[in-house]
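Heads up, my_file-v9.csv below (CSV, C-alpha atoms):
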chain,number,residue,atom,x,y,z
A,25,MET,CA,-7.5,-11.9,21.8
A,26,ASP,CA,-5.5,-14.6,23.6
A,27,ALA,CA,-1.8,-15.3,23.2
A,28,ALA,CA,-2.3,-18.1,20.7
A,29,GLN,CA,-4.5,-15.8,18.5
A,30,GLN,CA,-2.0,-13.0,18.7
A,31,GLU,CA,0.8,-15.4,17.7
A,32,ALA,CA,-1.3,-16.7,14.8
A,33,THR,CA,-2.1,-13.2,13.6
A,34,ALA,CA,1.6,-12.1,13.8
A,35,ARG,CA,2.5,-15.2,11.8
A,36,ALA,CA,-0.2,-14.5,9.2
A,37,ARG,CA,1.1,-10.9,8.8
A,38,GLU,CA,4.7,-12.1,8.4
A,39,LEU,CA,3.5,-14.5,5.7
A,40,GLN,CA,1.6,-11.7,4.0
A,41,ARG,CA,4.8,-9.6,4.1
A,42,SER,CA,6.7,-12.4,2.4
A,43,TRP,CA,4.0,-13.0,-0.2
A,44,TYR,CA,2.8,-9.5,-0.9
A,45,GLY,CA,5.6,-7.2,0.3
A,46,GLU,CA,3.7,-5.9,3.3
A,47,PRO,CA,0.8,-6.9,5.6
A,48,LEU,CA,-2.5,-6.8,3.7
A,49,GLY,CA,-4.0,-4.6,6.3
A,50,ALA,CA,-1.5,-1.8,5.5
A,51,LEU,CA,-1.9,-2.4,1.7
A,52,PHE,CA,-5.7,-2.3,1.8
A,53,ARG,CA,-5.8,0.7,4.1
A,54,ARG,CA,-3.6,2.6,1.7
A,55,LEU,CA,-5.8,1.7,-1.2
A,56,ILE,CA,-8.9,2.8,0.8
A,57,ASP,CA,-7.2,6.1,1.6
A,58,ASP,CA,-5.7,6.8,-1.9
A,59,LEU,CA,-8.8,5.8,-3.8
A,60,GLY,CA,-11.4,7.2,-1.4
A,61,LEU,CA,-13.1,3.9,-0.8
A,62,ASN,CA,-14.6,2.2,2.2
A,63,GLN,CA,-14.0,-1.4,3.1
A,64,ALA,CA,-17.3,-2.6,1.5
A,65,ARG,CA,-16.5,-0.9,-1.8
A,66,LEU,CA,-12.9,-2.2,-1.8
A,67,ALA,CA,-14.2,-5.7,-1.2
A,68,ALA,CA,-16.7,-5.4,-4.0
A,69,VAL,CA,-14.0,-4.1,-6.5
A,70,LEU,CA,-11.7,-6.9,-5.5
A,71,GLY,CA,-14.4,-9.6,-5.7
A,72,LEU,CA,-14.1,-10.5,-2.0
A,73,SER,CA,-16.8,-10.7,0.7
A,74,ALA,CA,-16.6,-8.0,3.3
A,75,PRO,CA,-15.8,-10.5,6.0
A,76,MET,CA,-13.0,-12.1,3.9
A,77,LEU,CA,-11.5,-8.6,3.4
A,78,SER,CA,-11.7,-8.0,7.1
A,79,GLN,CA,-10.1,-11.3,7.9
A,80,LEU,CA,-7.2,-10.6,5.5
A,81,MET,CA,-6.7,-7.1,6.9
A,82,SER,CA,-6.7,-8.2,10.5
A,83,GLY,CA,-4.4,-11.2,9.9
A,84,GLN,CA,-7.0,-13.8,10.7
A,85,ARG,CA,-6.4,-15.1,7.2
A,86,ALA,CA,-3.0,-14.9,5.5
A,87,LYS,CA,-3.5,-15.6,1.8
A,88,ILE,CA,-5.6,-14.4,-1.0
A,89,GLY,CA,-6.7,-17.7,-2.6
A,90,ASN,CA,-8.0,-16.4,-5.9
A,91,PRO,CA,-5.3,-15.3,-8.4
A,92,ALA,CA,-7.8,-13.0,-10.1
A,93,VAL,CA,-8.3,-11.1,-6.8
A,94,VAL,CA,-4.5,-10.8,-6.5
A,95,GLN,CA,-4.4,-9.3,-10.0
A,96,ARG,CA,-7.1,-6.8,-9.0
A,97,VAL,CA,-5.1,-5.8,-6.0
A,98,GLN,CA,-2.1,-5.1,-8.3
A,99,ALA,CA,-4.3,-3.2,-10.7
A,100,LEU,CA,-5.7,-1.0,-7.8
A,101,GLN,CA,-2.1,-0.4,-6.6
A,102,GLU,CA,-1.2,1.0,-10.0
A,103,LEU,CA,-4.4,3.0,-10.2
A,104,ALA,CA,-3.8,4.5,-6.7
A,105,SER,CA,-0.3,5.6,-7.9
A,106,GLN,CA,-1.8,7.2,-10.9
A,107,VAL,CA,-4.4,9.1,-8.8
A,108,ALA,CA,-1.7,10.2,-6.4
A,109,ASP,CA,0.5,11.6,-9.1
A,110,GLY,CA,-2.5,13.3,-10.8
A,111,SER,CA,-2.3,11.4,-14.1
A,112,VAL,CA,-5.8,9.9,-13.4
A,113,SER,CA,-8.7,12.0,-12.1
A,114,ALA,CA,-11.1,10.8,-9.4
A,115,GLY,CA,-13.8,10.4,-12.0
A,116,GLU,CA,-11.6,8.3,-14.3
A,117,ALA,CA,-10.5,6.3,-11.3
A,118,THR,CA,-14.1,5.4,-10.6
A,119,ASP,CA,-14.5,4.2,-14.2
A,120,ARG,CA,-11.3,2.2,-14.0
A,121,MET,CA,-12.3,0.5,-10.7
A,122,GLU,CA,-15.4,-0.8,-12.5
A,123,GLU,CA,-13.2,-2.2,-15.2
A,124,ILE,CA,-10.9,-3.8,-12.6
A,125,LYS,CA,-13.9,-5.2,-10.8
A,126,LYS,CA,-14.9,-7.1,-14.0
A,127,SER,CA,-11.4,-8.3,-14.9
A,128,GLN,CA,-10.8,-12.0,-14.8
A,129,GLY,CA,-7.0,-12.3,-15.3
A,130,GLY,CA,-4.7,-14.6,-13.4
A,131,SER,CA,-1.3,-12.9,-13.1
A,132,VAL,CA,0.0,-12.6,-9.6
A,133,LEU,CA,2.2,-10.2,-7.6
A,134,THR,CA,5.9,-10.9,-7.7
A,135,ALA,CA,7.4,-12.6,-4.6
A,136,THR,CA,8.3,-9.2,-3.1
A,137,GLY,CA,5.0,-7.7,-4.0
A,138,GLN,CA,6.6,-5.1,-6.3
A,139,THR,CA,5.3,-4.2,-9.6
A,140,THR,CA,8.2,-3.4,-11.9
A,141,SER,CA,9.0,-1.4,-15.0
A,142,THR,CA,10.9,-2.7,-17.9
A,143,GLY,CA,14.1,-4.4,-16.9
A,144,GLY,CA,12.6,-5.8,-13.7
A,145,ALA,CA,13.8,-2.9,-11.5
A,146,PRO,CA,11.3,-1.4,-9.1
A,147,THR,CA,9.9,1.9,-10.3
A,148,VAL,CA,10.7,5.1,-8.3
A,149,ARG,CA,7.1,5.3,-7.3
A,150,ARG,CA,7.1,1.7,-6.0
A,151,VAL,CA,10.3,2.5,-4.0
A,152,VAL,CA,8.7,5.6,-2.5
A,153,ARG,CA,5.5,3.8,-1.7
A,154,GLU,CA,7.5,1.1,0.1
A,155,ILE,CA,9.3,3.8,2.2
A,156,GLN,CA,6.0,5.5,2.9
A,157,SER,CA,4.4,2.2,3.9
A,158,LEU,CA,7.2,1.3,6.2
A,159,LEU,CA,7.1,4.7,8.0
A,160,ARG,CA,3.4,4.7,8.3
A,161,SER,CA,3.4,1.1,9.7
A,162,VAL,CA,5.6,2.4,12.5
A,163,ALA,CA,3.7,5.6,13.4
A,164,ALA,CA,0.8,7.8,12.5
A,165,ALA,CA,1.3,10.9,10.4
A,166,GLY,CA,0.9,13.2,13.3
A,167,ASP,CA,3.5,11.4,15.4
A,168,ILE,CA,5.9,11.4,12.4
A,169,ILE,CA,5.4,15.2,12.1
A,170,ASP,CA,6.0,15.6,15.8
A,171,ALA,CA,9.2,13.6,15.6
A,172,ALA,CA,10.3,15.6,12.5
A,173,ASP,CA,9.7,18.9,14.4
A,174,ALA,CA,11.8,17.6,17.3
A,175,LEU,CA,14.7,16.7,14.9
A,176,ALA,CA,14.5,19.8,12.8
A,177,PRO,CA,16.8,22.1,14.8
A,178,THR,CA,19.7,19.6,14.8
A,179,HIS,CA,18.9,17.3,11.8
A,180,PRO,CA,16.9,19.3,9.3
A,181,GLU,CA,17.5,16.9,6.4
A,182,LEU,CA,16.3,13.9,8.4
A,183,ALA,CA,13.3,16.0,9.6
A,184,GLU,CA,12.4,16.8,6.0
A,185,PHE,CA,12.7,13.1,5.0
A,186,LEU,CA,10.3,12.1,7.8
A,187,LYS,CA,7.8,14.8,6.9
A,188,VAL,CA,7.9,14.2,3.1
A,189,TYR,CA,7.7,10.3,3.2
A,190,GLY,CA,5.9,9.9,6.5
A,191,ALA,CA,3.1,12.4,6.1
A,192,GLY,CA,3.4,13.9,2.6
A,193,ARG,CA,1.8,13.1,-0.7
A,194,THR,CA,3.3,10.4,-2.9
A,195,ALA,CA,4.1,12.9,-5.7
A,196,GLU,CA,6.1,15.1,-3.3
A,197,ALA,CA,8.0,12.1,-2.1
A,198,VAL,CA,8.8,11.0,-5.6
A,199,ALA,CA,10.1,14.5,-6.4
A,200,HIS,CA,12.2,14.4,-3.2
A,201,TYR,CA,13.6,11.0,-4.1
A,202,GLU,CA,14.4,12.0,-7.6
A,203,GLY,CA,16.0,15.2,-6.4
A,204,HIS,CA,18.4,13.2,-4.1
A,205,GLN,CA,19.6,10.7,-6.7
A,206,SER,CA,23.0,11.5,-8.1

Just dump the structure as structure tokens.
Amino acid sequence: MDAAQQEATARARELQRSWYGEPLGALFRRLIDDLGLNQARLAAVLGLSAPMLSQLMSGQRAKIGNPAVVQRVQALQELASQVADGSVSAGEATDRMEEIKKSQGGSVLTATGQTTSTGGAPTVRRVVREIQSLLRSVAAAGDIIDAADALAPTHPELAEFLKVYGAGRTAEAVAHYEGHQS
């Protein structure tokens, strides 16, 4: 990739961050991991071609042009949260993904990419997912654990934070977050 392509990709990812709250590559990889999908299955559920999904993930394209696809992304994010906290089983998730695939709605993500609860405030789960996404965009889970282990002797609370949010499950991070609110 030449310098112009790298610059265009970086610009597309920044646009994605401003439109969707994070680069679509990170968002889609999280959905793939959380829902046990591959790229082809994610593309099918969203109603995108596999090449289009790949272009969005890599930053070759910045924007999802179809509002119904954006709504499906939002619905999958909510489903992934429910699977992570155990309120929806893997079997139920498969059925729900089929419903999402068929949905035609036109609502869009908010400007920050956050789904909200009543009152417009981000949910605890959304805040935790944003923290996880940020940490995981900086380093792989193994590297985060190594950094946490290095910090543990002198900064145990910070080490715990890195492990829970950088490499732990969302439900554990939500419990940690709620336990530290006062």

Residues near range 168-182 of chain A, cut-off 10 Å, all atoms listed in the file, skip fewer than 6 positions along chain, as a PyMOL selection string: chain A and resi 159-160+162+188-192

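For the set A:Ala86, A:Leu77, A:Ala164, A:Leu100, the residue with the smallest atom-to-atom gap to Glu38 in chain A is A:Ala86, counting only C-alpha atoms.
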
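As for CA of Val97 in chain A and CA of Leu55 in chain A, they are spaced 8.9 Å apart.
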
Separation of CA of Asn90 in chain A from CA of Trp43 in chain A in Å: 13.7 Å

Straight-line distance linking CA of Ser82 in chain A with CA of Thr147 in chain A, stated in Å to one decimal: 28.5 Å

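Residues in contact range of range 48-51 of chain A, defined as at most 8 Å between only C-alpha atoms, with sequence neighbours fewer than 4 positions away removed, read Arg37, Gln40, Arg41, Tyr44, Leu55, Leu80, Met81, Ser82, Gly83, Ser157 and Ser161 of chain A.
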
Filtering to C-alpha atoms, could you give me those residues as a PDB file, keeping the file's coordinate frame?
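Below you can see part_15.pdb, which holds the result:
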ATOM      1  CA  ARG A  37       1.100 -10.900   8.800  1.00  0.00           C
ATOM      2  CA  GLN A  40       1.600 -11.700   4.000  1.00  0.00           C
ATOM      3  CA  ARG A  41       4.800  -9.600   4.100  1.00  0.00           C
ATOM      4  CA  TYR A  44       2.800  -9.500  -0.900  1.00  0.00           C
ATOM      5  CA  LEU A  55      -5.800   1.700  -1.200  1.00  0.00           C
ATOM      6  CA  LEU A  80      -7.200 -10.600   5.500  1.00  0.00           C
ATOM      7  CA  MET A  81      -6.700  -7.100   6.900  1.00  0.00           C
ATOM      8  CA  SER A  82      -6.700  -8.200  10.500  1.00  0.00           C
ATOM      9  CA  GLY A  83      -4.400 -11.200   9.900  1.00  0.00           C
ATOM     10  CA  SER A 157       4.400   2.200   3.900  1.00  0.00           C
ATOM     11  CA  SER A 161       3.400   1.100   9.700  1.00  0.00           C
TER      12      SER A 161
END

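Shortest separation to Lys126 in chain A among A:Gln29, A:Ser78, A:Ser111, A:Gln95 occurs at residue A:Gln95, atoms counted being all atoms listed in the file.
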
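Restricting the calculation to only C-alpha atoms, the smallest distance between Val151 in chain A and any of A:Ile88, A:Ala99, A:Glu202, A:Asp57 is found for A:Glu202.
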
Contacts of Ala199 in chain A within 10 Å, only C-alpha atoms, excl. fewer than 2 positions in-chain, as an NGL selection string: :A and (148-149 or 152 or 188 or 194-197 or 201-204)

Write out as a PDB file with C-alpha atoms, in the coordinates of the input the residues lying within 12 Å of Val107 in chain A, counting all atoms listed in the file and excluding same-chain residues fewer than 6 positions away.
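The new file around_37.pdb reads:
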ATOM      1  CA  LEU A  55      -5.800   1.700  -1.200  1.00  0.00           C
ATOM      2  CA  ASP A  57      -7.200   6.100   1.600  1.00  0.00           C
ATOM      3  CA  ASP A  58      -5.700   6.800  -1.900  1.00  0.00           C
ATOM      4  CA  LEU A  59      -8.800   5.800  -3.800  1.00  0.00           C
ATOM      5  CA  GLY A  60     -11.400   7.200  -1.400  1.00  0.00           C
ATOM      6  CA  LEU A 100      -5.700  -1.000  -7.800  1.00  0.00           C
ATOM      7  CA  GLN A 101      -2.100  -0.400  -6.600  1.00  0.00           C
ATOM      8  CA  SER A 113      -8.700  12.000 -12.100  1.00  0.00           C
ATOM      9  CA  ALA A 114     -11.100  10.800  -9.400  1.00  0.00           C
ATOM     10  CA  GLY A 115     -13.800  10.400 -12.000  1.00  0.00           C
ATOM     11  CA  GLU A 116     -11.600   8.300 -14.300  1.00  0.00           C
ATOM     12  CA  ALA A 117     -10.500   6.300 -11.300  1.00  0.00           C
ATOM     13  CA  THR A 118     -14.100   5.400 -10.600  1.00  0.00           C
ATOM     14  CA  ARG A 120     -11.300   2.200 -14.000  1.00  0.00           C
ATOM     15  CA  MET A 121     -12.300   0.500 -10.700  1.00  0.00           C
ATOM     16  CA  ARG A 193       1.800  13.100  -0.700  1.00  0.00           C
ATOM     17  CA  THR A 194       3.300  10.400  -2.900  1.00  0.00           C
ATOM     18  CA  ALA A 195       4.100  12.900  -5.700  1.00  0.00           C
TER      19      ALA A 195
END

Residue among A:Ser127, A:Gln205, A:Gln30, A:Gln98 lying closest to Gln84 in chain A, counting only C-alpha atoms: A:Gln30

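Between Ala104 in chain A and the residues A:Arg54, A:Gln128, A:Leu186, A:Met25, the shortest atom-to-atom distance, using all atoms listed in the file, involves A:Arg54.
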
Residues within 7 Å of Gly71 in chain A, only C-alpha atoms, excluding chain neighbours under 4 positions, as JSON, numbers by chain: {"A": [67, 93, 125]}
